[in-house]
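Undergrad: Contents of my_file_10.pdb (PDB, C-alpha atoms):
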ATOM      1  CA  MET A   1      -6.790  10.453  -0.760
ATOM      2  CA  TRP A   2     -10.076  11.293  -2.469
ATOM      3  CA  ARG A   3      -8.937  14.859  -3.091
ATOM      4  CA  LEU A   4      -5.750  13.561  -4.706
ATOM      5  CA  VAL A   5      -7.727  11.285  -7.021
ATOM      6  CA  GLN A   6      -9.954  14.200  -8.012
ATOM      7  CA  SER A   7      -6.940  16.398  -8.790
ATOM      8  CA  ILE A   8      -5.410  13.996 -11.346
ATOM      9  CA  THR A   9      -5.825  15.203 -14.930
ATOM     10  CA  LEU A  10      -4.598  14.034 -18.317
ATOM     11  CA  THR A  11      -3.240  17.488 -19.152
ATOM     12  CA  ALA A  12      -0.534  17.486 -16.454
ATOM     13  CA  THR A  13       2.742  15.970 -17.705
ATOM     14  CA  ARG A  14       3.607  14.069 -14.526
ATOM     15  CA  GLN A  15       0.123  12.666 -14.100
ATOM     16  CA  SER A  16      -0.291  11.702 -17.758
ATOM     17  CA  ALA A  17       3.009   9.765 -17.614
ATOM     18  CA  PHE A  18       1.808   7.916 -14.517
ATOM     19  CA  LEU A  19      -1.554   7.080 -16.118
ATOM     20  CA  LEU A  20       0.161   5.920 -19.308
ATOM     21  CA  GLY A  21       2.234   3.486 -17.267
ATOM     22  CA  THR A  22      -0.878   2.118 -15.544
ATOM     23  CA  THR A  23      -2.701   1.653 -18.868
ATOM     24  CA  VAL A  24       0.188  -0.086 -20.633
ATOM     25  CA  PHE A  25       0.803  -2.449 -17.734
ATOM     26  CA  ILE A  26      -2.845  -3.508 -17.558
ATOM     27  CA  LEU A  27      -2.471  -4.740 -21.151
ATOM     28  CA  VAL A  28       0.874  -6.397 -20.374
ATOM     29  CA  TRP A  29      -0.628  -8.138 -17.349
ATOM     30  CA  PHE A  30      -3.566  -9.687 -19.197
ATOM     31  CA  VAL A  31      -1.399 -10.728 -22.148
ATOM     32  CA  GLY A  32       1.084 -12.296 -19.728
ATOM     33  CA  GLN A  33      -1.706 -14.087 -17.870
ATOM     34  CA  ARG A  34      -2.898 -15.614 -21.137
ATOM     35  CA  LEU A  35       0.470 -16.495 -22.720
ATOM     36  CA  MET A  36       2.718 -17.168 -19.677
ATOM     37  CA  PRO A  37       0.487 -17.816 -16.637
ATOM     38  CA  ARG A  38       3.106 -19.898 -14.792
ATOM     39  CA  VAL A  39       5.781 -17.237 -15.209
ATOM     40  CA  VAL A  40       3.424 -14.499 -13.983
ATOM     41  CA  SER A  41       2.366 -16.650 -11.026
ATOM     42  CA  TYR A  42       5.988 -17.385 -10.102
ATOM     43  CA  LEU A  43       7.026 -13.721 -10.266
ATOM     44  CA  THR A  44       4.060 -12.495  -8.204
ATOM     45  CA  THR A  45       4.729 -15.168  -5.571
ATOM     46  CA  LEU A  46       8.420 -14.232  -5.499
ATOM     47  CA  GLU A  47       7.596 -10.542  -4.989
ATOM     48  CA  HIS A  48       5.108 -11.480  -2.262
ATOM     49  CA  GLU A  49       7.670 -13.499  -0.295
ATOM     50  CA  LEU A  50      10.443 -10.909  -0.799
ATOM     51  CA  THR A  51       8.146  -8.272   0.690
ATOM     52  CA  HIS A  52       7.866 -10.379   3.852
ATOM     53  CA  ILE A  53      11.668 -10.565   3.964
ATOM     54  CA  LEU A  54      12.289  -6.846   3.323
ATOM     55  CA  VAL A  55       9.840  -5.736   6.012
ATOM     56  CA  GLY A  56      11.272  -8.371   8.351
ATOM     57  CA  LEU A  57      14.746  -6.881   7.863
ATOM     58  CA  LEU A  58      13.369  -3.473   8.879
ATOM     59  CA  PHE A  59      12.482  -5.084  12.209
ATOM     60  CA  LEU A  60      15.953  -6.733  12.348
ATOM     61  CA  ILE A  61      14.390 -10.171  11.806
ATOM     62  CA  ARG A  62      16.599 -12.478   9.763
ATOM     63  CA  PRO A  63      15.263 -14.658   6.928
ATOM     64  CA  VAL A  64      16.065 -18.367   7.216
ATOM     65  CA  SER A  65      14.674 -19.798   3.965
ATOM     66  CA  ILE A  66      12.415 -18.992   1.041
ATOM     67  CA  ARG A  67      10.412 -21.300  -1.235
ATOM     68  CA  VAL A  68       8.669 -20.072  -4.390
ATOM     69  CA  THR A  69       6.614 -22.097  -6.866
ATOM     70  CA  ALA A  70       4.497 -21.268  -9.905
ATOM     71  CA  THR A  71       1.497 -23.364  -8.894
ATOM     72  CA  GLN A  72       1.630 -24.010  -5.140
ATOM     73  CA  GLY A  73       2.397 -20.590  -3.711
ATOM     74  CA  GLY A  74       5.436 -19.901  -1.602
ATOM     75  CA  GLU A  75       6.720 -19.702   1.920
ATOM     76  CA  VAL A  76       9.353 -17.722   3.748
ATOM     77  CA  VAL A  77      10.740 -18.673   7.158
ATOM     78  CA  LEU A  78      11.987 -15.882   9.421
ATOM     79  CA  THR A  79      13.530 -15.899  12.887
ATOM     80  CA  GLY A  80      10.444 -14.008  14.117
ATOM     81  CA  SER A  81       7.335 -12.238  12.908
ATOM     82  CA  ASN A  82       4.730  -9.593  13.704
ATOM     83  CA  ILE A  83       1.527  -8.228  12.197
ATOM     84  CA  TRP A  84       3.369  -5.779   9.913
ATOM     85  CA  ILE A  85       5.552  -8.517   8.409
ATOM     86  CA  THR A  86       2.633 -10.902   7.948
ATOM     87  CA  LEU A  87       0.395  -8.335   6.238
ATOM     88  CA  ALA A  88       3.063  -6.332   4.371
ATOM     89  CA  PRO A  89       2.354  -7.770   0.878
ATOM     90  CA  TYR A  90      -1.281  -6.654   1.129
ATOM     91  CA  PHE A  91      -0.597  -2.968   1.709
ATOM     92  CA  LEU A  92       3.007  -2.250   0.722
ATOM     93  CA  PRO A  93       3.657  -1.771  -3.020
ATOM     94  CA  THR A  94       7.317  -2.737  -2.642
ATOM     95  CA  ILE A  95       8.425  -2.055  -6.205
ATOM     96  CA  SER A  96       6.707   1.348  -6.191
ATOM     97  CA  PHE A  97       8.547   2.432  -3.042
ATOM     98  CA  LEU A  98      11.841   1.269  -4.544
ATOM     99  CA  ILE A  99      11.170   3.429  -7.630
ATOM    100  CA  LEU A 100      10.112   6.530  -5.647
ATOM    101  CA  PRO A 101      13.629   7.700  -4.587
ATOM    102  CA  PHE A 102      14.903   7.426  -8.187
ATOM    103  CA  ALA A 103      11.876   9.326  -9.493
ATOM    104  CA  TRP A 104      12.495  12.033  -6.887
ATOM    105  CA  LEU A 105      16.192  12.375  -7.796
ATOM    106  CA  ALA A 106      15.731  12.085 -11.566
ATOM    107  CA  GLY A 107      15.992  15.077 -13.835
ATOM    108  CA  SER A 108      13.243  16.285 -16.124
ATOM    109  CA  LYS A 109      14.100  13.758 -18.864
ATOM    110  CA  GLY A 110      14.294  10.613 -16.731
ATOM    111  CA  GLU A 111      11.413  11.637 -14.517
ATOM    112  CA  ARG A 112       8.733  10.868 -17.114
ATOM    113  CA  ILE A 113      10.005   7.321 -17.659
ATOM    114  CA  LEU A 114      10.230   6.669 -13.934
ATOM    115  CA  LEU A 115       6.696   8.003 -13.413
ATOM    116  CA  MET A 116       5.488   5.575 -16.077
ATOM    117  CA  LEU A 117       7.295   2.755 -14.243
ATOM    118  CA  LEU A 118       5.749   3.964 -11.005
ATOM    119  CA  GLY A 119       2.277   3.770 -12.541
ATOM    120  CA  ALA A 120       2.994   0.281 -13.869
ATOM    121  CA  SER A 121       4.255  -0.888 -10.467
ATOM    122  CA  VAL A 122       1.132   0.406  -8.702
ATOM    123  CA  VAL A 123      -1.159  -1.499 -11.067
ATOM    124  CA  TYR A 124       1.066  -4.567 -10.728
ATOM    125  CA  HIS A 125       0.668  -4.531  -6.953
ATOM    126  CA  LEU A 126      -3.103  -4.115  -7.166
ATOM    127  CA  LEU A 127      -3.528  -6.922  -9.702
ATOM    128  CA  SER A 128      -1.064  -9.308  -8.042
ATOM    129  CA  THR A 129      -2.663  -8.770  -4.632
ATOM    130  CA  TRP A 130      -6.074  -9.524  -6.120
ATOM    131  CA  SER A 131      -4.698 -12.700  -7.720
ATOM    132  CA  GLU A 132      -3.469 -13.833  -4.280
ATOM    133  CA  ILE A 133      -6.887 -13.503  -2.675
ATOM    134  CA  GLY A 134      -6.790 -17.188  -1.699
ATOM    135  CA  VAL A 135      -3.648 -16.627   0.405
ATOM    136  CA  VAL A 136      -5.152 -13.589   2.117
ATOM    137  CA  GLN A 137      -7.376 -15.623   4.420
ATOM    138  CA  SER A 138      -4.536 -17.655   5.951
ATOM    139  CA  ASP A 139      -2.333 -14.571   6.467
ATOM    140  CA  PHE A 140      -5.248 -12.673   8.002
ATOM    141  CA  ARG A 141      -5.781 -15.517  10.464
ATOM    142  CA  LYS A 142      -2.076 -15.462  11.384
ATOM    143  CA  ALA A 143      -2.116 -11.709  12.000
ATOM    144  CA  GLY A 144      -5.571 -11.698  13.614
ATOM    145  CA  THR A 145      -8.683 -11.133  11.534
ATOM    146  CA  LEU A 146      -9.979  -8.086  13.439
ATOM    147  CA  GLN A 147      -6.574  -6.385  13.423
ATOM    148  CA  SER A 148      -6.173  -7.119   9.717
ATOM    149  CA  LEU A 149      -9.564  -5.633   8.848
ATOM    150  CA  TRP A 150      -8.578  -2.198  10.163
ATOM    151  CA  LEU A 151      -4.835  -2.205   9.433
ATOM    152  CA  VAL A 152      -4.867  -3.260   5.759
ATOM    153  CA  PRO A 153      -7.363  -0.602   4.489
ATOM    154  CA  VAL A 154      -5.729   2.214   6.470
ATOM    155  CA  ALA A 155      -2.207   1.187   5.450
ATOM    156  CA  ASN A 156      -3.288   0.956   1.792
ATOM    157  CA  LEU A 157      -4.725   4.473   1.895
ATOM    158  CA  ILE A 158      -1.495   5.797   3.415
ATOM    159  CA  CYS A 159       0.837   4.006   0.973
ATOM    160  CA  TYR A 160      -1.128   4.751  -2.190
ATOM    161  CA  GLY A 161      -1.871   8.254  -0.945
ATOM    162  CA  MET A 162       1.850   8.980  -0.644
ATOM    163  CA  ILE A 163       2.453   7.683  -4.169
ATOM    164  CA  LEU A 164      -0.377   9.756  -5.676
ATOM    165  CA  ALA A 165       0.768  12.801  -3.701
ATOM    166  CA  PHE A 166       4.235  12.402  -5.240
ATOM    167  CA  VAL A 167       2.738  12.095  -8.722
ATOM    168  CA  VAL A 168       0.686  15.256  -8.227
ATOM    169  CA  ASP A 169       3.340  17.485  -6.644
ATOM    170  CA  ALA A 170       6.593  15.551  -6.073
ATOM    171  CA  SER A 171       8.127  15.785  -2.583
ATOM    172  CA  ARG A 172       5.933  18.763  -1.668
ATOM    173  CA  GLY A 173       2.897  16.601  -2.350
ATOM    174  CA  ILE A 174       4.117  13.902   0.054
ATOM    175  CA  ALA A 175       4.859  16.511   2.736
ATOM    176  CA  HIS A 176       1.397  18.057   2.356
ATOM    177  CA  PHE A 177      -0.342  14.656   2.295
ATOM    178  CA  THR A 178       1.461  13.579   5.478
ATOM    179  CA  SER A 179       0.912  16.804   7.421
ATOM    180  CA  ALA A 180      -2.727  17.180   6.330
ATOM    181  CA  GLY A 181      -3.412  13.512   7.096
ATOM    182  CA  LEU A 182      -1.937  13.785  10.583
ATOM    183  CA  LEU A 183      -3.873  16.984  11.258
ATOM    184  CA  GLN A 184      -7.186  15.512  10.094
ATOM    185  CA  THR A 185      -6.556  12.339  12.112
ATOM    186  CA  TRP A 186      -5.849  14.385  15.227
ATOM    187  CA  ASN A 187      -8.993  16.469  14.677
ATOM    188  CA  ALA A 188     -11.085  13.299  14.236
ATOM    189  CA  ILE A 189      -9.707  11.819  17.471
ATOM    190  CA  TYR A 190     -10.369  15.079  19.296
ATOM    191  CA  GLU A 191     -13.971  15.253  18.052
ATOM    192  CA  VAL A 192     -14.654  11.638  19.072
ATOM    193  CA  GLU A 193     -13.113  12.315  22.468
ATOM    194  CA  GLN A 194     -15.245  15.418  22.952
ATOM    195  CA  LEU A 195     -18.379  13.496  21.927
ATOM    196  CA  PHE A 196     -17.555  10.737  24.403
ATOM    197  CA  TYR A 197     -16.985  13.164  27.276
ATOM    198  CA  ALA A 198     -20.120  15.127  26.413
ATOM    199  CA  ARG A 199     -22.249  11.988  26.543
ATOM    200  CA  TYR A 200     -20.484  10.756  29.688
ATOM    201  CA  TYR A 201     -20.959  13.977  31.638
ATOM    202  CA  SER A 202     -24.523  14.476  30.402
ATOM    203  CA  GLY A 203     -25.378  10.956  31.594
ATOM    204  CA  LEU A 204     -23.647  11.605  34.899
ATOM    205  CA  LEU A 205     -25.576  14.867  35.354
ATOM    206  CA  ILE A 206     -28.897  13.140  34.632
ATOM    207  CA  ARG A 207     -28.156  10.440  37.210
ATOM    208  CA  GLN A 208     -27.251  13.072  39.810
ATOM    209  CA  CYS A 209     -30.490  14.973  39.165
ATOM    210  CA  GLN A 210     -32.506  11.758  39.566
TER     211      GLN A 210
END
Would you mind writing the file's structure down as structure tokens?

TA:
Amino acid sequence: MWRLVQSITLTATRQSAFLLGTTVFILVWFVGQRLMPRVVSYLTTLEHELTHILVGLLFLIRPVSIRVTATQGGEVVLTGSNIWITLAPYFLPTISFLILPFAWLAGSKGERILLMLLGASVVYHLLSTWSEIGVVQSDFRKAGTLQSLWLVPVANLICYGMILAFVVDASRGIAHFTSAGLLQTWNAIYEVEQLFYARYYSGLLIRQCQ
């Protein structure tokens, strides 16, 4: 992820389009917060609850009802739940992942516009998640605080890493990010395992010598 961030430059066409979208949306967000705070609050709450529903459908869990307000949050009732459904709005930039397939299939002309929209959607998710910080605590308690503290940061790095990898080098970037990430994760697990066994056997040898 850090290497991807370092590789982004203003001179590359794809990356400059993405950054332009992020910059424009930051302005739109703060203007909207000042002029239409209730509308912004309603839309962010709606997107939050729809994310619960969409991830629930991936697990074949049916939505029963949805309630969205501009001032008192929202609530969605499903026929079941799990940690991924509960925490989905805090790591899954839903709109960004809906834009990704269109950006991948678009030609050279439409690609720039879709990359700008992708940049705007990423900033939207970051800002809307931050604005929902009061809801985070209750959802974390539902999912389990300790589980949430490791899952949310890792899932965010994976999701945003895939988006940045696409911006940098399209589908090849996602493939490289995924394969390199899996390889580095495996190497880290292997090194920890070797360290554990080394300490275990060294301790066992010392006890035998005593």

Undergrad: Do you know which residues are at most 7 Å from Thr22 (chain A) counting only C-alpha atoms, after dropping those on the same chain fewer than 2 positions away, and could you put them as a list in words?

TA: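 That gives Phe18, Leu19, Leu20, Val24, Phe25, Ile26, Gly119, Ala120 and Val123 of chain A.
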
Undergrad: Could you tell me which of A:Gln184, A:Trp29, A:Leu105, A:Leu117 comes closest to Thr44 (chain A) if we count all atoms listed in the file?

TA: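 Using all atoms listed in the file, the shortest distance to Thr44 (chain A) belongs to A:Trp29.
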
Undergrad: Calculated over all atoms listed in the file, which of the candidates A:Tyr190, A:Met116, A:Leu127, A:Thr145 has the smallest distance to Thr13 (chain A)?

TA: A:Met116

Undergrad: What's around Phe91 (chain A) at 9 Å? Count all atoms listed in the file, leave out sequence neighbours fewer than 4 positions away in its own chain, and write the answer as number ranges by chain.

TA: A: 87, 125, 129, 151-160

Undergrad: Record the distance separating CA of Leu58 (chain A) and CA of Ile85 (chain A), expressed in Å with one decimal.

TA: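 CA of Ile85 (chain A) lies at a distance of 9.3 Å from CA of Leu58 (chain A).
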
Undergrad: Go through the shown structure with the PyMOL selection byres ((chain A and resi 8) around 12) and write out the matching residues as an MDAnalysis selection string.

TA: chainID A and resid 1:7 9:19 164:169

Undergrad: Which of these, A:Pro101, A:Glu75, A:Leu118, A:Ile189, has the shortest distance to Thr23 (chain A) once you count all atoms listed in the file?

TA: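 Answer, going by the shortest atom-to-atom distance: A:Leu118.
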
Undergrad: Please indicate the distance in Å from CA of Val28 (chain A) to CA of Thr94 (chain A), rounded to one decimal place.

TA: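 Rounded to one decimal, the two atoms are 19.2 Å apart.
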
Undergrad: If the PyMOL selection byres ((chain A and resi 54) around 12) were run on this exact file, what residues would it hold? Put them as a VMD selection string.

TA: chain A and resid 47 to 53 55 to 63 76 78 84 to 86 88 to 89 92 to 95 97 to 98

Undergrad: Please enumerate the residues selected by the PyMOL selection byres ((chain A and resi 43) around 12) when evaluated against the supplied file, formatted as a VMD selection string.

TA: chain A and resid 29 32 to 33 36 to 42 44 to 50 68 to 71 73 to 74 124 to 125 128

Undergrad: One decimal, Å: what's the distance from CA of Ile83 (chain A) over to CA of Ala143 (chain A), could you say?

TA: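 Separation of CA of Ile83 (chain A) and CA of Ala143 (chain A): 5.0 Å.
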
Undergrad: With distances taken over only C-alpha atoms, which residue among A:Leu27, A:Ala175, A:Gln72, A:Glu193 lies nearest Glu132 (chain A)?

TA: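 Distance minimum relative to Glu132 (chain A) lands on A:Gln72.
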
Undergrad: Edge lengths and centre in Å to one decimal, as JSON, of the axis-aligned box that encloses all listed atoms of region 53-56 of chain A with 3 Å added on every side?

TA:
{"center_x": 11.1, "center_y": -8.2, "center_z": 5.8, "size_x": 8.4, "size_y": 10.8, "size_z": 11.0}

Undergrad: Need the shell around Val77 (chain A): protein/DNA/RNA residues with any atom at most 8 Å away, counting all atoms listed in the file. Skip same-chain ones fewer than 5 positions apart. Format as a ChimeraX atom specification?

TA: /A:63-66

Undergrad: Please, could you write that set of residues out with C-alpha atoms as a compact mmCIF listing (two decimals), keeping the file's coordinate frame?

TA:
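Saved to result-v7.txt:
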# COMPACT_ATOMS: atom_id res chain seq x y z
CA PRO A 63 15.26 -14.66 6.93
CA VAL A 64 16.07 -18.37 7.22
CA SER A 65 14.67 -19.80 3.96
CA ILE A 66 12.42 -18.99 1.04
